[in-house]
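I have placed the structure first, in the form of structure tokens, so that the comments after it can refer back to it.
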There are 2 protein chains.
Amino acid sequence: MPDELTHPDRAAIRIDQVLHALADPVRLTIVRELAKLAEGTPCGTIDLPVSKSTRTHHIRTLREAGVVRVRPSGTARITTLRRDDLDALYPGLLDGILNAPH
Amino acid sequence: MPDELTHPDRAAIRIDQVLHALADPVRLTIVRELAKLAEGTPCGTIDLPVSKSTRTHHIRTLREAGVVRVRPSGTARITTLRRDDLDALYPGLLDGILNAPH
DNA sequence: CTCGTAGTACGACGAAATTCGTACTACGAT
DNA sequence: ATCGTAGTACGAATTTCGTCGTACTACGAG
């Protein structure tokens, strides 16, 4: 019984939470991979050095901050970057991070 | 006997630490104010809802992450944003944050 | 229907971060 | 030389965060 996959709408996204969400190595990896992956790839394909529950926790953090959008698809979840919203709110921020030296 | 005011040079700046440094409300306020203030304004002029020691702690965090440069000037400290370095490393990032809706 | 897989919920533990007060140093002014 | 001010250092208390294991739900395949 997963809690409803709630997402903040664009106006409710807070820069504090976005930065906090991005300030973790694992979550930064997720965001970077999502940016490279084709749209519609299940998030489970990204391999991370953490357990399954930790992965869930990080995806949740990113979702609640407004960084990613999560959509159910069977038993899996399709996770996508909210590029449009982030670019509209903070132009340059996302690209600045994605183009950063790893 | 303050520890030497060490600063990472540009190549040593890590995106993880920069994001972590910016992911705090107080530090974000400091960065925003520094961006507005004239160069050479002592950092003590920014008023924050925290104690003196907490302020020191946050400035230190920003300095060690490579976000600000701190230079002694008498008993005061001149704190400046490292715009040049940040813009070179992560073009768009700083402006994206500074232009964000408060 | 049964089984396997993807993901979540919950509780817990340890690490790290924020905050503060107090004591201290350093510099400038009187 | 003495005093006041700006900032730092240190230790402590509280909180938050990241991590995990286990138990659970939901959906699809056979």
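Residue numbering restarts at 1 in every chain; chains get A, B, ... in the order shown in the structure tokens, and ligands count up from 1 in that same order.
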
Rotate and translate chain A onto chain B via least squares on all in-order Cα pairs, then write the result as a PDB file with C-alpha atoms, in the first residue's frame.
ATOM      1  CA  MET A   1      44.388  31.740  17.295  1.00  0.00           C
ATOM      2  CA  PRO A   2      42.153  31.130  14.331  1.00  0.00           C
ATOM      3  CA  ASP A   3      43.139  28.230  12.138  1.00  0.00           C
ATOM      4  CA  GLU A   4      44.649  29.437   8.924  1.00  0.00           C
ATOM      5  CA  LEU A   5      41.948  30.543   6.570  1.00  0.00           C
ATOM      6  CA  THR A   6      42.495  27.782   4.061  1.00  0.00           C
ATOM      7  CA  HIS A   7      40.582  27.753   0.823  1.00  0.00           C
ATOM      8  CA  PRO A   8      40.334  24.929  -1.688  1.00  0.00           C
ATOM      9  CA  ASP A   9      41.694  26.020  -5.008  1.00  0.00           C
ATOM     10  CA  ARG A  10      39.431  25.829  -7.994  1.00  0.00           C
ATOM     11  CA  ALA A  11      40.408  22.315  -8.982  1.00  0.00           C
ATOM     12  CA  ALA A  12      39.720  21.011  -5.491  1.00  0.00           C
ATOM     13  CA  ILE A  13      36.152  22.265  -5.312  1.00  0.00           C
ATOM     14  CA  ARG A  14      33.668  19.398  -5.191  1.00  0.00           C
ATOM     15  CA  ILE A  15      30.117  19.707  -6.400  1.00  0.00           C
ATOM     16  CA  ASP A  16      28.941  17.585  -3.469  1.00  0.00           C
ATOM     17  CA  GLN A  17      30.305  20.003  -0.950  1.00  0.00           C
ATOM     18  CA  VAL A  18      29.120  23.058  -2.815  1.00  0.00           C
ATOM     19  CA  LEU A  19      25.577  21.742  -2.942  1.00  0.00           C
ATOM     20  CA  HIS A  20      25.707  20.709   0.674  1.00  0.00           C
ATOM     21  CA  ALA A  21      26.959  24.142   1.638  1.00  0.00           C
ATOM     22  CA  LEU A  22      24.119  25.796  -0.248  1.00  0.00           C
ATOM     23  CA  ALA A  23      21.461  23.454   1.094  1.00  0.00           C
ATOM     24  CA  ASP A  24      21.019  25.293   4.379  1.00  0.00           C
ATOM     25  CA  PRO A  25      18.624  28.226   4.770  1.00  0.00           C
ATOM     26  CA  VAL A  26      21.057  30.324   6.785  1.00  0.00           C
ATOM     27  CA  ARG A  27      23.923  29.736   4.386  1.00  0.00           C
ATOM     28  CA  LEU A  28      21.700  30.401   1.417  1.00  0.00           C
ATOM     29  CA  THR A  29      20.808  33.733   2.983  1.00  0.00           C
ATOM     30  CA  ILE A  30      24.468  34.550   3.425  1.00  0.00           C
ATOM     31  CA  VAL A  31      25.222  33.737  -0.199  1.00  0.00           C
ATOM     32  CA  ARG A  32      22.280  35.778  -1.425  1.00  0.00           C
ATOM     33  CA  GLU A  33      23.287  38.764   0.663  1.00  0.00           C
ATOM     34  CA  LEU A  34      26.899  38.522  -0.440  1.00  0.00           C
ATOM     35  CA  ALA A  35      25.755  38.585  -4.035  1.00  0.00           C
ATOM     36  CA  LYS A  36      23.857  41.804  -3.387  1.00  0.00           C
ATOM     37  CA  LEU A  37      26.442  43.487  -1.186  1.00  0.00           C
ATOM     38  CA  ALA A  38      29.240  45.597  -2.525  1.00  0.00           C
ATOM     39  CA  GLU A  39      32.608  43.917  -2.690  1.00  0.00           C
ATOM     40  CA  GLY A  40      34.546  44.358   0.513  1.00  0.00           C
ATOM     41  CA  THR A  41      31.661  44.596   2.900  1.00  0.00           C
ATOM     42  CA  PRO A  42      32.412  42.846   6.203  1.00  0.00           C
ATOM     43  CA  CYS A  43      30.266  39.774   6.631  1.00  0.00           C
ATOM     44  CA  GLY A  44      29.172  40.837  10.088  1.00  0.00           C
ATOM     45  CA  THR A  45      26.769  43.299   8.524  1.00  0.00           C
ATOM     46  CA  ILE A  46      24.459  40.526   7.401  1.00  0.00           C
ATOM     47  CA  ASP A  47      22.012  39.917  10.186  1.00  0.00           C
ATOM     48  CA  LEU A  48      21.026  36.370  10.774  1.00  0.00           C
ATOM     49  CA  PRO A  49      18.710  34.676  13.244  1.00  0.00           C
ATOM     50  CA  VAL A  50      21.571  32.719  14.779  1.00  0.00           C
ATOM     51  CA  SER A  51      24.255  33.201  17.391  1.00  0.00           C
ATOM     52  CA  LYS A  52      27.754  34.443  16.745  1.00  0.00           C
ATOM     53  CA  SER A  53      29.322  31.006  16.908  1.00  0.00           C
ATOM     54  CA  THR A  54      26.762  29.560  14.550  1.00  0.00           C
ATOM     55  CA  ARG A  55      27.522  32.293  12.081  1.00  0.00           C
ATOM     56  CA  THR A  56      31.197  31.421  12.270  1.00  0.00           C
ATOM     57  CA  HIS A  57      30.352  27.782  11.694  1.00  0.00           C
ATOM     58  CA  HIS A  58      28.352  28.546   8.547  1.00  0.00           C
ATOM     59  CA  ILE A  59      30.953  30.883   7.091  1.00  0.00           C
ATOM     60  CA  ARG A  60      33.497  28.178   7.683  1.00  0.00           C
ATOM     61  CA  THR A  61      31.368  25.616   5.894  1.00  0.00           C
ATOM     62  CA  LEU A  62      30.975  27.929   2.914  1.00  0.00           C
ATOM     63  CA  ARG A  63      34.681  28.678   2.866  1.00  0.00           C
ATOM     64  CA  GLU A  64      35.768  25.059   3.073  1.00  0.00           C
ATOM     65  CA  ALA A  65      33.384  24.130   0.290  1.00  0.00           C
ATOM     66  CA  GLY A  66      34.896  26.808  -1.914  1.00  0.00           C
ATOM     67  CA  VAL A  67      31.820  29.002  -2.096  1.00  0.00           C
ATOM     68  CA  VAL A  68      33.259  32.069  -0.401  1.00  0.00           C
ATOM     69  CA  ARG A  69      36.649  33.573   0.167  1.00  0.00           C
ATOM     70  CA  VAL A  70      37.471  35.034   3.574  1.00  0.00           C
ATOM     71  CA  ARG A  71      40.201  37.591   4.093  1.00  0.00           C
ATOM     72  CA  PRO A  72      41.196  39.157   7.412  1.00  0.00           C
ATOM     73  CA  SER A  73      40.955  42.911   7.726  1.00  0.00           C
ATOM     74  CA  GLY A  74      41.819  44.074  11.199  1.00  0.00           C
ATOM     75  CA  THR A  75      39.549  42.316  13.629  1.00  0.00           C
ATOM     76  CA  ALA A  76      36.928  41.812  10.967  1.00  0.00           C
ATOM     77  CA  ARG A  77      36.700  39.428   8.022  1.00  0.00           C
ATOM     78  CA  ILE A  78      35.918  40.313   4.473  1.00  0.00           C
ATOM     79  CA  THR A  79      33.842  37.557   2.931  1.00  0.00           C
ATOM     80  CA  THR A  80      33.264  37.426  -0.805  1.00  0.00           C
ATOM     81  CA  LEU A  81      31.517  35.061  -3.156  1.00  0.00           C
ATOM     82  CA  ARG A  82      33.863  33.062  -5.382  1.00  0.00           C
ATOM     83  CA  ARG A  83      31.824  33.924  -8.428  1.00  0.00           C
ATOM     84  CA  ASP A  84      34.639  33.479 -10.889  1.00  0.00           C
ATOM     85  CA  ASP A  85      35.513  29.985  -9.732  1.00  0.00           C
ATOM     86  CA  LEU A  86      31.946  28.818  -9.383  1.00  0.00           C
ATOM     87  CA  ASP A  87      30.923  30.199 -12.764  1.00  0.00           C
ATOM     88  CA  ALA A  88      33.911  28.528 -14.368  1.00  0.00           C
ATOM     89  CA  LEU A  89      33.220  25.166 -12.771  1.00  0.00           C
ATOM     90  CA  TYR A  90      29.436  25.125 -12.899  1.00  0.00           C
ATOM     91  CA  PRO A  91      28.241  27.687 -15.386  1.00  0.00           C
ATOM     92  CA  GLY A  92      24.675  28.658 -14.650  1.00  0.00           C
ATOM     93  CA  LEU A  93      24.486  27.100 -11.225  1.00  0.00           C
ATOM     94  CA  LEU A  94      25.058  30.192  -9.130  1.00  0.00           C
ATOM     95  CA  ASP A  95      22.877  32.442 -11.234  1.00  0.00           C
ATOM     96  CA  GLY A  96      20.191  29.798 -11.227  1.00  0.00           C
ATOM     97  CA  ILE A  97      20.172  29.882  -7.456  1.00  0.00           C
ATOM     98  CA  LEU A  98      20.479  33.626  -7.040  1.00  0.00           C
ATOM     99  CA  ASN A  99      17.650  34.353  -9.425  1.00  0.00           C
ATOM    100  CA  ALA A 100      15.416  31.786  -7.773  1.00  0.00           C
ATOM    101  CA  PRO A 101      12.194  32.887  -6.165  1.00  0.00           C
ATOM    102  CA  HIS A 102      13.111  33.599  -2.599  1.00  0.00           C
TER     103      HIS A 102
END

Subject >> Neighbour list for C:DA17 as a PyMOL selection string, cut-off 9 Å, only C-alpha atoms (C1' of nucleotides), skip fewer than 3 positions in-chain >> reply: chain D and resi 15-17

Output N, CA, C and O atoms (P, O5', C5', C4', C3', O3' and C1' of nucleotides) for every residue in the selection just made, as a PDB file, in the first residue's frame.
ATOM      1  P    DT D  15      15.111  17.664  20.073  1.00  0.00           P
ATOM      2  O5'  DT D  15      15.564  17.602  18.550  1.00  0.00           O
ATOM      3  C5'  DT D  15      16.016  18.802  17.918  1.00  0.00           C
ATOM      4  C4'  DT D  15      16.626  18.485  16.557  1.00  0.00           C
ATOM      5  C3'  DT D  15      15.763  17.549  15.701  1.00  0.00           C
ATOM      6  O3'  DT D  15      15.416  18.245  14.529  1.00  0.00           O
ATOM      7  C1'  DT D  15      18.059  16.885  15.700  1.00  0.00           C
ATOM      8  P    DT D  16      14.301  17.623  13.545  1.00  0.00           P
ATOM      9  O5'  DT D  16      15.216  17.221  12.313  1.00  0.00           O
ATOM     10  C5'  DT D  16      16.268  18.084  11.909  1.00  0.00           C
ATOM     11  C4'  DT D  16      17.284  17.331  11.089  1.00  0.00           C
ATOM     12  C3'  DT D  16      16.665  16.420  10.012  1.00  0.00           C
ATOM     13  O3'  DT D  16      17.154  16.819   8.747  1.00  0.00           O
ATOM     14  C1'  DT D  16      18.358  15.290  11.222  1.00  0.00           C
ATOM     15  P    DC D  17      16.649  16.088   7.426  1.00  0.00           P
ATOM     16  O5'  DC D  17      17.803  15.003   7.231  1.00  0.00           O
ATOM     17  C5'  DC D  17      19.156  15.436   7.290  1.00  0.00           C
ATOM     18  C4'  DC D  17      20.069  14.260   7.024  1.00  0.00           C
ATOM     19  C3'  DC D  17      19.574  13.327   5.914  1.00  0.00           C
ATOM     20  O3'  DC D  17      20.636  13.099   5.014  1.00  0.00           O
ATOM     21  C1'  DC D  17      20.043  12.096   7.894  1.00  0.00           C
TER      22       DC D  17
END

Against chain A, which residues of chain D fall within 10 Å? For each one I want the closest pair of atoms and the distance in Å (one decimal), counting only C-alpha atoms (C1' of nucleotides), rows by chain and increasing residue number, as JSON lines.
{"residue": "D:DG18", "atom": "C1'", "partner": "A:Thr54", "partner_atom": "CA", "distance": 7.9}
{"residue": "D:DT19", "atom": "C1'", "partner": "A:Thr54", "partner_atom": "CA", "distance": 6.6}
{"residue": "D:DC20", "atom": "C1'", "partner": "A:Ser51", "partner_atom": "CA", "distance": 7.1}
{"residue": "D:DG21", "atom": "C1'", "partner": "A:Ser53", "partner_atom": "CA", "distance": 9.2}
{"residue": "D:DC24", "atom": "C1'", "partner": "A:Met1", "partner_atom": "CA", "distance": 8.5}
{"residue": "D:DT25", "atom": "C1'", "partner": "A:Met1", "partner_atom": "CA", "distance": 5.4}
{"residue": "D:DA26", "atom": "C1'", "partner": "A:Thr75", "partner_atom": "CA", "distance": 6.7}
{"residue": "D:DC27", "atom": "C1'", "partner": "A:Thr75", "partner_atom": "CA", "distance": 5.1}
{"residue": "D:DG28", "atom": "C1'", "partner": "A:Gly74", "partner_atom": "CA", "distance": 7.6}

Against chain B, which residues of chain C fall within 8 Å? For each one I want the closest pair of atoms and the distance in Å (one decimal), counting only C-alpha atoms (C1' of nucleotides), rows by chain and increasing residue number, as a Markdown table.
| residue | atom | partner | partner_atom | distance |
| --- | --- | --- | --- | --- |
| C:DT19 | C1' | B:Thr54 | CA | 6.6 |
| C:DC20 | C1' | B:Ser51 | CA | 7.2 |
| C:DT25 | C1' | B:Met1 | CA | 5.5 |
| C:DA26 | C1' | B:Thr75 | CA | 6.7 |
| C:DC27 | C1' | B:Thr75 | CA | 5.1 |
| C:DG28 | C1' | B:Gly74 | CA | 7.7 |

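The coordinates place atom C1' of D:DT22 at 14.3 Å from atom C1' of C:DG7.
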
Subject >> Filtered DSSP result for stretch 1-99 of chain B, state strand (DSSP E or B), as a ChimeraX atom specification >> reply: /B:42,68-73,76-81

**OP:** Looking only at helix (DSSP H, G or I) from DSSP on the backbone, list the matching residues of stretch 2-95 of chain B as a VMD selection string.
**Re:** chain B and resid 10 to 12 15 to 22 25 to 36 43 to 45 52 to 65 83 to 89 93 to 95

**OP:** Skip D:DG11 itself and residues of its chain fewer than 6 positions away, then list as a list in words all residues within 12 Å of it, counting only C-alpha atoms (C1' of nucleotides).
**Re:**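 Final neighbour list, sorted by chain and number: DC20, DG21, DT22 and DA23 of chain C.
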